[in-house]
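Structure below is upload.txt: compact mmCIF, C-alpha atoms and all ligand atoms.
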```txt
# COMPACT_ATOMS: atom_id res chain seq x y z
CA MET A 222 143.12 57.98 29.75
CA LYS A 223 141.98 54.94 31.71
CA ASP A 224 138.21 54.41 31.85
CA ILE A 225 136.64 55.21 35.22
CA TYR A 226 133.68 53.19 36.50
CA VAL A 227 131.59 54.73 39.29
CA LEU A 228 128.98 52.79 41.23
CA GLY A 229 126.20 55.22 42.22
CA ILE A 230 123.73 54.68 45.07
CA GLU A 231 120.53 56.73 45.51
CA SER A 232 118.19 56.35 48.49
CA SER A 233 117.10 59.90 49.42
CA CYS A 234 113.35 59.33 49.14
CA ASP A 235 111.25 56.44 47.83
CA GLU A 236 113.49 55.02 45.12
CA THR A 237 116.31 52.58 45.86
CA SER A 238 118.58 52.83 42.87
CA VAL A 239 122.07 51.60 42.00
CA SER A 240 123.89 52.29 38.76
CA VAL A 241 127.25 51.86 37.07
CA VAL A 242 128.36 54.76 34.88
CA LYS A 243 131.51 54.84 32.73
CA ASN A 244 133.46 58.10 32.53
CA GLY A 245 130.55 60.09 33.95
CA ARG A 246 128.42 59.85 30.81
CA GLU A 247 127.83 56.25 29.72
CA VAL A 248 125.21 54.32 31.69
CA LEU A 249 126.08 50.62 31.92
CA SER A 250 123.18 49.92 34.30
CA ASN A 251 120.61 51.96 36.23
CA VAL A 252 118.41 49.70 38.37
CA ILE A 253 115.53 51.54 40.06
CA ASN A 254 113.38 49.89 42.70
CA SER A 255 110.45 52.23 43.20
CA GLN A 256 108.30 52.17 46.34
CA ILE A 257 105.52 54.23 44.75
CA LYS A 258 103.02 51.35 45.01
CA ILE A 259 103.73 51.00 48.75
CA HIS A 260 103.32 54.72 49.53
CA LYS A 261 100.34 55.28 47.24
CA GLN A 262 97.90 53.99 49.84
CA PHE A 263 99.08 56.75 52.24
CA GLY A 264 98.87 59.55 49.63
CA GLY A 265 102.58 60.36 50.02
CA VAL A 266 105.93 59.00 51.19
CA VAL A 267 105.99 57.62 54.76
CA PRO A 268 109.62 58.14 55.88
CA GLU A 269 110.02 55.11 58.13
CA ILE A 270 108.45 52.74 55.62
CA ALA A 271 110.81 54.17 52.98
CA SER A 272 113.90 53.48 55.14
CA ARG A 273 112.82 49.92 55.88
CA ASN A 274 112.26 49.18 52.21
CA HIS A 275 115.66 50.59 51.25
CA VAL A 276 117.25 48.18 53.77
CA ASP A 277 115.29 45.26 52.31
CA VAL A 278 116.32 45.75 48.70
CA ILE A 279 119.63 47.65 48.54
CA SER A 280 121.94 44.59 48.29
CA GLN A 281 119.82 42.95 45.66
CA VAL A 282 119.57 46.16 43.60
CA THR A 283 123.38 46.55 43.80
CA ASN A 284 123.96 42.99 42.61
CA GLU A 285 121.55 43.53 39.73
CA ALA A 286 123.30 46.77 38.73
CA LEU A 287 126.71 45.06 38.63
CA LYS A 288 125.34 42.08 36.74
CA GLU A 289 123.68 44.26 34.14
CA ALA A 290 126.90 46.25 33.71
CA ASN A 291 128.76 42.96 33.37
CA LEU A 292 131.25 44.05 36.02
CA LYS A 293 132.44 42.86 39.43
CA PHE A 294 133.00 44.91 42.59
CA GLU A 295 136.78 44.86 41.86
CA ASP A 296 136.23 46.64 38.53
CA ILE A 297 134.67 49.69 40.20
CA ASP A 298 136.91 52.76 40.71
CA ALA A 299 134.75 54.73 43.18
CA ILE A 300 131.54 54.39 45.18
CA ALA A 301 129.23 57.45 45.04
CA CYS A 302 126.17 57.83 47.23
CA THR A 303 123.58 60.54 47.86
CA LYS A 304 124.50 62.26 51.14
CA GLY A 305 121.58 64.75 51.09
CA PRO A 306 119.22 66.46 50.91
CA GLY A 307 116.42 64.01 51.60
CA LEU A 308 114.77 61.94 54.30
CA VAL A 309 117.39 61.25 56.96
CA GLY A 310 116.50 57.60 57.57
CA ALA A 311 116.35 56.88 53.85
CA LEU A 312 119.66 58.64 53.18
CA LEU A 313 121.37 56.76 56.01
CA VAL A 314 120.68 53.42 54.35
CA GLY A 315 122.52 54.40 51.16
CA VAL A 316 125.30 56.25 52.99
CA SER A 317 125.94 53.34 55.38
CA TYR A 318 125.85 50.79 52.59
CA ALA A 319 128.27 52.88 50.48
CA LYS A 320 130.62 53.30 53.46
CA ALA A 321 130.62 49.54 54.07
CA LEU A 322 131.41 48.87 50.40
CA SER A 323 134.14 51.50 50.34
CA PHE A 324 135.76 50.02 53.47
CA ALA A 325 135.47 46.40 52.40
CA LEU A 326 136.68 47.00 48.84
CA ASN A 327 139.18 49.72 49.71
CA LYS A 328 137.72 52.04 47.06
CA PRO A 329 137.24 55.82 47.32
CA LEU A 330 133.90 57.07 48.63
CA VAL A 331 132.17 60.14 47.15
CA GLY A 332 129.23 61.76 48.95
CA VAL A 333 127.00 63.40 46.34
CA ASN A 334 124.49 66.23 46.67
CA HIS A 335 121.18 64.93 45.30
CA ILE A 336 120.29 68.24 43.62
CA GLU A 337 123.67 68.29 41.86
CA GLY A 338 122.87 64.75 40.75
CA HIS A 339 119.69 66.00 39.05
CA ILE A 340 121.80 68.55 37.13
CA ALA A 341 124.27 65.81 36.09
CA ALA A 342 121.43 63.77 34.50
CA ASN A 343 121.82 66.22 31.60
CA TYR A 344 125.44 65.11 31.03
CA ILE A 345 124.23 61.57 30.40
CA THR A 346 121.56 62.51 27.87
CA HIS A 347 123.64 65.22 26.16
CA LYS A 348 127.18 63.93 25.70
CA GLU A 349 128.34 67.31 24.35
CA LEU A 350 126.95 69.45 27.21
CA LYS A 351 129.61 71.19 29.27
CA PRO A 352 129.41 74.00 31.83
CA GLN A 353 128.80 76.96 31.82
CA PHE A 354 124.99 76.77 31.50
CA LEU A 355 121.86 77.82 33.35
CA CYS A 356 119.82 75.09 35.05
CA MET A 357 116.22 75.21 36.25
CA ILE A 358 115.94 72.41 38.83
CA ILE A 359 112.32 71.47 39.45
CA SER A 360 111.53 68.47 41.61
CA GLY A 361 109.36 67.23 44.45
CA GLY A 362 111.61 68.86 47.02
CA HIS A 363 113.41 71.65 45.15
CA THR A 364 112.97 74.64 42.87
CA HIS A 365 116.32 76.26 42.12
CA LEU A 366 117.58 78.42 39.29
CA VAL A 367 121.33 77.84 39.19
CA ASN A 368 124.31 79.12 37.25
CA ILE A 369 126.40 75.99 36.59
CA LYS A 370 129.84 77.60 36.46
CA ASP A 371 131.71 74.30 36.36
CA TYR A 372 130.98 70.61 37.05
CA THR A 373 131.35 71.19 40.80
CA GLU A 374 130.85 74.96 41.03
CA PHE A 375 127.38 76.45 41.42
CA GLU A 376 125.80 79.86 41.97
CA ILE A 377 122.18 79.90 43.13
CA LEU A 378 120.30 82.68 41.35
CA GLY A 379 116.83 81.98 42.75
CA LYS A 380 114.95 79.42 44.82
CA THR A 381 111.49 78.82 46.19
CA ARG A 382 110.58 80.69 49.37
CA ASP A 383 107.90 78.13 50.28
CA ASP A 384 106.69 75.03 48.40
CA ALA A 385 108.73 73.23 45.77
CA ILE A 386 106.93 73.13 42.42
CA GLY A 387 106.59 69.32 42.60
CA GLU A 388 105.00 69.62 46.02
CA ALA A 389 102.42 71.99 44.49
CA PHE A 390 101.77 69.51 41.64
CA ASP A 391 101.29 66.66 44.13
CA LYS A 392 99.07 68.70 46.46
CA VAL A 393 96.84 70.00 43.66
CA ALA A 394 96.54 66.45 42.32
CA ARG A 395 95.56 65.14 45.74
CA VAL A 396 92.73 67.64 46.30
CA ILE A 397 91.21 66.94 42.91
CA GLY A 398 91.35 63.20 43.55
CA LEU A 399 94.38 62.09 41.51
CA GLU A 400 96.70 59.45 42.98
CA TYR A 401 100.23 60.01 44.31
CA PRO A 402 102.53 61.05 42.70
CA GLY A 403 100.19 63.53 41.07
CA GLY A 404 102.61 65.30 38.71
CA PRO A 405 102.34 62.79 35.84
CA LYS A 406 98.53 62.58 36.28
CA ILE A 407 98.18 66.38 36.05
CA ASP A 408 100.40 66.32 32.94
CA LYS A 409 97.94 63.89 31.31
CA LEU A 410 94.66 65.47 32.42
CA ALA A 411 95.81 69.01 31.52
CA LYS A 412 95.98 67.94 27.86
CA GLU A 413 92.18 67.54 27.90
CA GLY A 414 91.55 71.01 29.36
CA LYS A 415 91.94 74.71 28.60
CA ALA A 416 94.00 77.20 30.62
CA ASN A 417 90.95 79.44 31.14
CA ILE A 418 91.06 79.93 34.92
CA GLN A 419 92.97 82.94 36.21
CA LEU A 420 95.45 82.05 38.96
CA PRO A 421 97.95 84.19 40.89
CA GLN A 422 101.60 84.48 39.86
CA THR A 423 104.23 85.56 42.37
CA TYR A 424 107.48 87.40 41.60
CA PHE A 425 110.13 88.98 43.80
CA GLU A 426 112.79 91.64 43.31
CA ASN A 427 115.30 88.80 42.90
CA LEU A 428 114.81 85.50 41.01
CA ASP A 429 113.12 83.63 43.87
CA PHE A 430 109.91 81.63 43.41
CA SER A 431 106.75 80.99 45.41
CA PHE A 432 104.16 78.31 44.72
CA SER A 433 102.07 78.45 47.87
CA GLY A 434 99.81 81.20 46.45
CA ILE A 435 98.83 79.27 43.34
CA LYS A 436 98.41 76.08 45.37
CA THR A 437 96.11 77.75 47.92
CA ALA A 438 94.10 79.48 45.18
CA ILE A 439 93.39 76.09 43.58
CA LEU A 440 92.49 74.47 46.89
CA ASN A 441 90.01 77.31 47.56
CA LEU A 442 88.52 77.23 44.05
CA ASN A 443 88.02 73.47 44.26
CA HIS A 444 86.54 73.72 47.74
CA LYS A 445 84.03 76.45 46.79
CA ASN A 446 83.12 74.83 43.49
CA PRO A 447 83.57 71.03 43.69
CA ASP A 448 82.15 70.64 40.15
CA ILE A 449 84.83 72.83 38.60
CA ASN A 450 86.27 71.30 35.42
CA LYS A 451 89.34 69.41 36.67
CA ALA A 452 91.06 69.28 33.29
CA ASP A 453 90.76 73.08 32.94
CA LEU A 454 92.07 73.46 36.48
CA CYS A 455 95.11 71.28 35.67
CA ALA A 456 95.77 73.14 32.41
CA SER A 457 95.48 76.52 34.17
CA PHE A 458 97.78 75.38 36.98
CA GLU A 459 100.42 74.12 34.54
CA TYR A 460 100.14 77.28 32.43
CA THR A 461 100.52 79.64 35.41
CA ALA A 462 103.26 77.70 37.23
CA THR A 463 105.24 77.34 33.99
CA ASN A 464 104.95 81.09 33.35
CA MET A 465 106.65 81.76 36.67
CA LEU A 466 109.50 79.39 35.76
CA ILE A 467 109.88 80.85 32.27
CA GLU A 468 109.81 84.51 33.36
CA ASN A 469 112.60 84.05 35.90
CA THR A 470 114.59 81.90 33.48
CA LYS A 471 114.38 84.62 30.83
CA LYS A 472 115.62 87.23 33.32
CA ALA A 473 118.52 84.93 34.29
CA ILE A 474 119.44 84.29 30.63
CA LYS A 475 119.67 88.04 30.08
CA LYS A 476 121.49 88.67 33.35
CA LEU A 477 124.17 86.06 32.62
CA ASN A 478 124.11 86.57 28.86
CA ILE A 479 124.16 82.80 28.56
CA ASP A 480 123.23 80.61 25.57
CA LYS A 481 122.57 77.20 27.21
CA VAL A 482 119.62 76.37 29.47
CA ALA A 483 118.91 72.98 31.04
CA LEU A 484 115.98 71.57 32.97
CA ALA A 485 116.48 69.00 35.73
CA GLY A 486 114.46 67.12 38.38
CA GLY A 487 111.28 65.07 38.37
CA VAL A 488 109.00 67.90 37.25
CA SER A 489 111.15 68.40 34.13
CA ALA A 490 109.43 65.25 32.84
CA ASN A 491 106.34 67.46 32.37
CA SER A 492 105.45 67.70 28.68
CA TYR A 493 104.00 71.24 28.83
CA ILE A 494 107.03 72.61 30.71
CA ARG A 495 109.41 70.95 28.21
CA GLU A 496 107.46 72.43 25.29
CA GLN A 497 107.46 75.96 26.77
CA PHE A 498 111.18 75.84 27.54
CA LEU A 499 111.90 74.62 24.00
CA ASN A 500 110.15 77.76 22.69
CA LEU A 501 112.95 79.77 24.31
CA GLU A 502 115.32 78.39 21.67
CA LYS A 503 113.74 80.54 18.96
CA GLU A 504 112.71 83.42 21.19
CA LEU A 505 116.07 84.03 22.87
CA ASN A 506 118.44 82.12 20.61
CA VAL A 507 119.52 79.69 23.32
CA LYS A 508 119.95 75.90 23.25
CA VAL A 509 117.59 74.07 25.63
CA TYR A 510 118.47 70.71 27.23
CA TYR A 511 116.53 68.28 29.38
CA PRO A 512 117.28 64.72 30.50
CA GLU A 513 115.47 61.72 29.02
CA ILE A 514 112.34 60.95 31.08
CA THR A 515 113.80 58.06 33.15
CA LEU A 516 116.70 60.30 34.22
CA CYS A 517 114.43 63.19 35.31
CA THR A 518 113.06 61.47 38.41
CA ASP A 519 115.28 59.97 41.11
CA ASN A 520 117.85 57.47 39.85
CA ALA A 521 121.42 56.44 40.68
CA ALA A 522 122.95 57.09 37.25
CA MET A 523 122.76 60.83 37.89
CA ILE A 524 124.47 60.28 41.27
CA ALA A 525 127.24 58.23 39.64
CA SER A 526 127.73 60.97 37.02
CA ALA A 527 127.96 63.76 39.63
CA GLY A 528 130.17 61.44 41.71
CA TYR A 529 132.54 61.03 38.76
CA TYR A 530 133.07 64.78 38.39
CA ASN A 531 133.65 65.16 42.14
CA TYR A 532 136.07 62.23 42.08
CA LEU A 533 138.05 63.84 39.24
CA VAL A 534 138.67 66.99 41.32
CA GLY A 535 139.45 65.04 44.51
CA ASN A 536 136.16 65.74 46.31
CA VAL A 537 136.18 62.38 48.10
CA SER A 538 134.79 61.56 51.53
CA ASP A 539 136.12 59.47 54.39
CA LEU A 540 134.25 57.01 56.58
CA THR A 541 132.90 59.81 58.79
CA LEU A 542 130.50 60.68 55.93
CA ASN A 543 127.00 61.25 57.31
CA ALA A 544 123.55 61.96 55.87
CA ILE A 545 122.75 65.68 55.65
CA PRO A 546 118.94 65.99 55.28
CA ASN A 547 118.93 69.75 54.57
CA LEU A 548 122.05 69.92 52.40
CA LYS A 549 122.20 72.97 50.10
CA ILE A 550 123.53 73.12 46.53
CA GLY A 551 127.31 73.41 46.58
CA GLY A 552 127.45 71.86 50.10
O1 LIG B 1 113.16 64.53 41.29
P1 LIG B 1 112.09 63.70 41.93
O2 LIG B 1 111.97 62.27 41.50
O3 LIG B 1 112.23 63.71 43.48
C1 LIG B 1 112.78 64.76 44.23
O4 LIG B 1 114.03 64.87 44.28
O5 LIG B 1 111.98 65.54 44.77
O6 LIG B 1 110.73 64.47 41.67
C2 LIG B 1 109.50 63.96 42.02
C3 LIG B 1 108.45 64.96 41.62
C4 LIG B 1 107.05 64.65 42.14
O7 LIG B 1 106.53 65.82 42.73
C5 LIG B 1 106.29 64.27 40.88
O8 LIG B 1 104.90 64.55 40.97
C6 LIG B 1 106.97 65.12 39.85
O9 LIG B 1 108.32 65.04 40.18
N1 LIG B 1 106.74 64.68 38.47
C7 LIG B 1 106.04 65.40 37.56
C8 LIG B 1 106.01 64.64 36.37
N2 LIG B 1 106.69 63.47 36.60
C9 LIG B 1 107.15 63.52 37.90
N3 LIG B 1 105.46 66.60 37.66
C10 LIG B 1 104.82 67.08 36.58
N4 LIG B 1 104.72 66.40 35.41
C11 LIG B 1 105.30 65.19 35.26
N5 LIG B 1 105.20 64.54 34.10
ZN ZN B 2 115.19 64.08 43.29
```
Using structure tokens, write down the structure that the file contains.
Amino acid sequence: MKDIYVLGIESSCDETSVSVVKNGREVLSNVINSQIKIHKQFGGVVPEIASRNHVDVISQVTNEALKEANLKFEDIDAIACTKGPGLVGALLVGVSYAKALSFALNKPLVGVNHIEGHIAANYITHKELKPQFLCMIISGGHTHLVNIKDYTEFEILGKTRDDAIGEAFDKVARVIGLEYPGGPKIDKLAKEGKANIQLPQTYFENLDFSFSGIKTAILNLNHKNPDINKADLCASFEYTATNMLIENTKKAIKKLNIDKVALAGGVSANSYIREQFLNLEKELNVKVYYPEITLCTDNAAMIASAGYYNYLVGNVSDLTLNAIPNLKIGG
């Protein structure tokens, strides 16, 4: 079969990224221009500033990605871009740029769901991984437990009813004085503490999640007792939040009688969460997968990979493609 090269474009939040991926699995380039330094001073992403920065750098990032892959525009078989979910202004930059490229080069356009991109990051790190498997998607904007029936077929088993887990990480970090994005800082500080503070866990009759209770409990504890040991607080937060993820994942493994479990999304970079999920291998006799760290957080290689599998089944878009800020999995 002829090799297929997909150019992926990601601009849903504060990373402008362009990548070339061969046959959905081999990354030839994955250039990521992060705006973290710009947004840090505001304690979070400022949507309009994010859009403006995407506009400033997207052409240059694309040229770099092609150069690194040692390819020209003509060598590309399809252009994939994140169509949602995300910040509408940020998404529109990538979608418009991808549409312009598709029109000018006369190449197929594939609009990719960002959350499905996070799942596809696992295909890059684990060349042998094929559906069906269970995926726990944990990121700044999403917490979804999904049955990956096929490359483009998904069944949502559970999702958060309020905050995404990454939002809780970032909020907790902010109140205890750690810089944005707080997830990696909590990961580090938690290693110096003990999980000795009792925090609430929330479960439902189905496999949904809730992280607002644990977040509020920490905000209150910290407010009432400003001298509370921050490392212990981080360790206790990680321990309790991870328990909620693990408990629902175990129920889903049993429900589906499945033997493969993957993690995806920015929060899956967390070392404690990775360690606890790995323990499931022995406990439940399943194989656990997670993407390499650089592919956990937002990047365009995962979009190119998901774009490849959509392209293969003819899920291509036309030039009416628009940004869909609240896009759901499978949409
Ligand atoms: O997937 P992502 O880059 O963006 C979304 O699609 O939302 O995820 C970003 C989130 C942030 O909340 C960040 O704090 C979190 O991932 N994160 C982590 C770690 N690295 C990134 N959370 C916990 N531990 C980490 N090591
Ligand atoms: Zn993401």
Please build the interface table for chain A against ligand ZN 2 (chain B) with a cut-off of 10 Å, listing for each qualifying residue the nearest atom pair and the distance in Å to one decimal; count all atoms listed in the file, order rows by chain and increasing number, and write it as a Markdown table.
```
| residue | atom | partner | partner_atom | distance |
| --- | --- | --- | --- | --- |
| A:Glu231 | CA | B:ZN2 | ZN | 9.4 |
| A:Ser232 | CA | B:ZN2 | ZN | 9.8 |
| A:Ser233 | CA | B:ZN2 | ZN | 7.7 |
| A:Cys234 | CA | B:ZN2 | ZN | 7.8 |
| A:Asp235 | CA | B:ZN2 | ZN | 9.7 |
| A:Glu236 | CA | B:ZN2 | ZN | 9.4 |
| A:Pro306 | CA | B:ZN2 | ZN | 8.9 |
| A:Gly307 | CA | B:ZN2 | ZN | 8.4 |
| A:His335 | CA | B:ZN2 | ZN | 6.4 |
| A:Ile336 | CA | B:ZN2 | ZN | 6.6 |
| A:Glu337 | CA | B:ZN2 | ZN | 9.6 |
| A:Gly338 | CA | B:ZN2 | ZN | 8.1 |
| A:His339 | CA | B:ZN2 | ZN | 6.5 |
| A:Ile358 | CA | B:ZN2 | ZN | 9.5 |
| A:Ile359 | CA | B:ZN2 | ZN | 8.8 |
| A:Ser360 | CA | B:ZN2 | ZN | 6.0 |
| A:Gly361 | CA | B:ZN2 | ZN | 6.7 |
| A:Gly362 | CA | B:ZN2 | ZN | 7.0 |
| A:His363 | CA | B:ZN2 | ZN | 8.0 |
| A:Ala485 | CA | B:ZN2 | ZN | 9.1 |
| A:Gly486 | CA | B:ZN2 | ZN | 5.8 |
| A:Gly487 | CA | B:ZN2 | ZN | 6.4 |
| A:Val488 | CA | B:ZN2 | ZN | 9.5 |
| A:Leu516 | CA | B:ZN2 | ZN | 9.9 |
| A:Cys517 | CA | B:ZN2 | ZN | 8.1 |
| A:Thr518 | CA | B:ZN2 | ZN | 5.9 |
| A:Asp519 | CA | B:ZN2 | ZN | 4.7 |
| A:Asn520 | CA | B:ZN2 | ZN | 7.9 |
| A:Met523 | CA | B:ZN2 | ZN | 9.9 |
```
Checklist entry - Which residues, written as a PyMOL selection string, have at least one atom at most 12 Å from A:Lys348, with all atoms listed in the file counted and residues fewer than 5 positions away on the same chain left out? => result chain A and resi 244-248+341-343+510+512+526
Return the padded bounding box of ligand LIG 1 (chain B) as JSON: axis-aligned, built from all atoms listed in the file, 8 Å added on each side, with centre and edge lengths in Å to one decimal.
```
{"center_x": 109.4, "center_y": 64.7, "center_z": 39.4, "size_x": 25.3, "size_y": 20.8, "size_z": 26.7}
```
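For the set A:Lys472, A:Lys445, A:Lys406, A:Lys508, the residue with the smallest atom-to-atom gap to ligand LIG 1 (chain B) is A:Lys406, counting all atoms listed in the file.
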Checklist entry - Got a sec: who's within 12 Å of A:Val393, counting only C-alpha atoms, leaving out chain neighbours fewer than 5 positions off, as JSON, numbers by chain? => result {"A": [386, 387, 388, 398, 399, 400, 401, 402, 403, 404, 405, 406, 407, 408, 432, 433, 434, 435, 436, 437, 438, 439, 440, 441, 442, 443, 444, 451, 452, 454, 455, 456, 457, 458, 459, 462]}
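Nearest residue to A:Ala299 among A:Ile253, A:Met465, A:Leu484, A:Leu533 is A:Leu533, counting only C-alpha atoms.
Comparing the minimum interatomic distances between ligand LIG 1 (chain B) and each of A:Lys328, A:Lys481, A:Lys223, A:His365, counting only C-alpha atoms and all ligand atoms, we find that A:His365 sits nearest.
Counting only C-alpha atoms, A:Ile297 has the following residues at most 6 Å away, ignoring those fewer than 2 positions along the same chain: A:Tyr226, A:Val227, A:Phe294, A:Glu295, A:Ala299.
Between A:Leu499 and the residues A:Tyr532, A:Leu350, A:Ile474, A:Ile467, the shortest atom-to-atom distance, using only C-alpha atoms, involves A:Ile467.
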Filled-in N, CA and C atoms of stretch 464-486 of chain A, supplied as a PDB file, in the coordinates of the input:
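Final output, part.pdb:
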```
ATOM      1  N   ASN A 464     104.649  79.674  33.602  1.00  0.00           N
ATOM      2  CA  ASN A 464     104.950  81.090  33.350  1.00  0.00           C
ATOM      3  C   ASN A 464     105.944  81.631  34.349  1.00  0.00           C
ATOM      4  N   MET A 465     105.748  81.263  35.619  1.00  0.00           N
ATOM      5  CA  MET A 465     106.650  81.760  36.670  1.00  0.00           C
ATOM      6  C   MET A 465     108.077  81.236  36.424  1.00  0.00           C
ATOM      7  N   LEU A 466     108.174  79.962  36.043  1.00  0.00           N
ATOM      8  CA  LEU A 466     109.500  79.390  35.760  1.00  0.00           C
ATOM      9  C   LEU A 466     110.153  80.093  34.581  1.00  0.00           C
ATOM     10  N   ILE A 467     109.349  80.272  33.522  1.00  0.00           N
ATOM     11  CA  ILE A 467     109.880  80.850  32.270  1.00  0.00           C
ATOM     12  C   ILE A 467     110.311  82.304  32.480  1.00  0.00           C
ATOM     13  N   GLU A 468     109.484  83.089  33.172  1.00  0.00           N
ATOM     14  CA  GLU A 468     109.810  84.510  33.360  1.00  0.00           C
ATOM     15  C   GLU A 468     111.141  84.679  34.082  1.00  0.00           C
ATOM     16  N   ASN A 469     111.330  83.928  35.161  1.00  0.00           N
ATOM     17  CA  ASN A 469     112.600  84.050  35.900  1.00  0.00           C
ATOM     18  C   ASN A 469     113.774  83.508  35.084  1.00  0.00           C
ATOM     19  N   THR A 470     113.523  82.452  34.315  1.00  0.00           N
ATOM     20  CA  THR A 470     114.590  81.900  33.480  1.00  0.00           C
ATOM     21  C   THR A 470     115.025  82.924  32.435  1.00  0.00           C
ATOM     22  N   LYS A 471     114.049  83.602  31.842  1.00  0.00           N
ATOM     23  CA  LYS A 471     114.380  84.620  30.830  1.00  0.00           C
ATOM     24  C   LYS A 471     115.244  85.733  31.440  1.00  0.00           C
ATOM     25  N   LYS A 472     114.841  86.165  32.653  1.00  0.00           N
ATOM     26  CA  LYS A 472     115.620  87.230  33.320  1.00  0.00           C
ATOM     27  C   LYS A 472     117.052  86.734  33.569  1.00  0.00           C
ATOM     28  N   ALA A 473     117.184  85.478  33.995  1.00  0.00           N
ATOM     29  CA  ALA A 473     118.520  84.930  34.290  1.00  0.00           C
ATOM     30  C   ALA A 473     119.359  84.808  33.021  1.00  0.00           C
ATOM     31  N   ILE A 474     118.717  84.413  31.916  1.00  0.00           N
ATOM     32  CA  ILE A 474     119.440  84.290  30.630  1.00  0.00           C
ATOM     33  C   ILE A 474     120.039  85.650  30.271  1.00  0.00           C
ATOM     34  N   LYS A 475     119.213  86.693  30.436  1.00  0.00           N
ATOM     35  CA  LYS A 475     119.670  88.040  30.080  1.00  0.00           C
ATOM     36  C   LYS A 475     120.754  88.520  31.052  1.00  0.00           C
ATOM     37  N   LYS A 476     120.519  88.224  32.331  1.00  0.00           N
ATOM     38  CA  LYS A 476     121.490  88.670  33.350  1.00  0.00           C
ATOM     39  C   LYS A 476     122.870  88.053  33.112  1.00  0.00           C
ATOM     40  N   LEU A 477     122.881  86.750  32.796  1.00  0.00           N
ATOM     41  CA  LEU A 477     124.170  86.060  32.620  1.00  0.00           C
ATOM     42  C   LEU A 477     124.672  86.125  31.184  1.00  0.00           C
ATOM     43  N   ASN A 478     123.793  86.565  30.289  1.00  0.00           N
ATOM     44  CA  ASN A 478     124.110  86.570  28.860  1.00  0.00           C
ATOM     45  C   ASN A 478     124.590  85.177  28.431  1.00  0.00           C
ATOM     46  N   ILE A 479     123.767  84.191  28.719  1.00  0.00           N
ATOM     47  CA  ILE A 479     124.160  82.800  28.560  1.00  0.00           C
ATOM     48  C   ILE A 479     123.376  82.182  27.393  1.00  0.00           C
ATOM     49  N   ASP A 480     123.943  81.156  26.732  1.00  0.00           N
ATOM     50  CA  ASP A 480     123.230  80.610  25.570  1.00  0.00           C
ATOM     51  C   ASP A 480     122.834  79.131  25.734  1.00  0.00           C
ATOM     52  N   LYS A 481     122.984  78.594  26.958  1.00  0.00           N
ATOM     53  CA  LYS A 481     122.570  77.200  27.210  1.00  0.00           C
ATOM     54  C   LYS A 481     121.705  77.138  28.466  1.00  0.00           C
ATOM     55  N   VAL A 482     120.541  76.490  28.339  1.00  0.00           N
ATOM     56  CA  VAL A 482     119.620  76.370  29.470  1.00  0.00           C
ATOM     57  C   VAL A 482     119.208  74.910  29.620  1.00  0.00           C
ATOM     58  N   ALA A 483     119.321  74.380  30.817  1.00  0.00           N
ATOM     59  CA  ALA A 483     118.910  72.980  31.040  1.00  0.00           C
ATOM     60  C   ALA A 483     117.803  72.916  32.082  1.00  0.00           C
ATOM     61  N   LEU A 484     116.984  71.873  31.951  1.00  0.00           N
ATOM     62  CA  LEU A 484     115.980  71.570  32.970  1.00  0.00           C
ATOM     63  C   LEU A 484     116.477  70.333  33.720  1.00  0.00           C
ATOM     64  N   ALA A 485     116.101  70.199  34.983  1.00  0.00           N
ATOM     65  CA  ALA A 485     116.480  69.000  35.730  1.00  0.00           C
ATOM     66  C   ALA A 485     115.445  68.729  36.818  1.00  0.00           C
ATOM     67  N   GLY A 486     115.392  67.480  37.308  1.00  0.00           N
ATOM     68  CA  GLY A 486     114.460  67.120  38.380  1.00  0.00           C
ATOM     69  C   GLY A 486     113.187  66.498  37.855  1.00  0.00           C
TER      70      GLY A 486
END
```
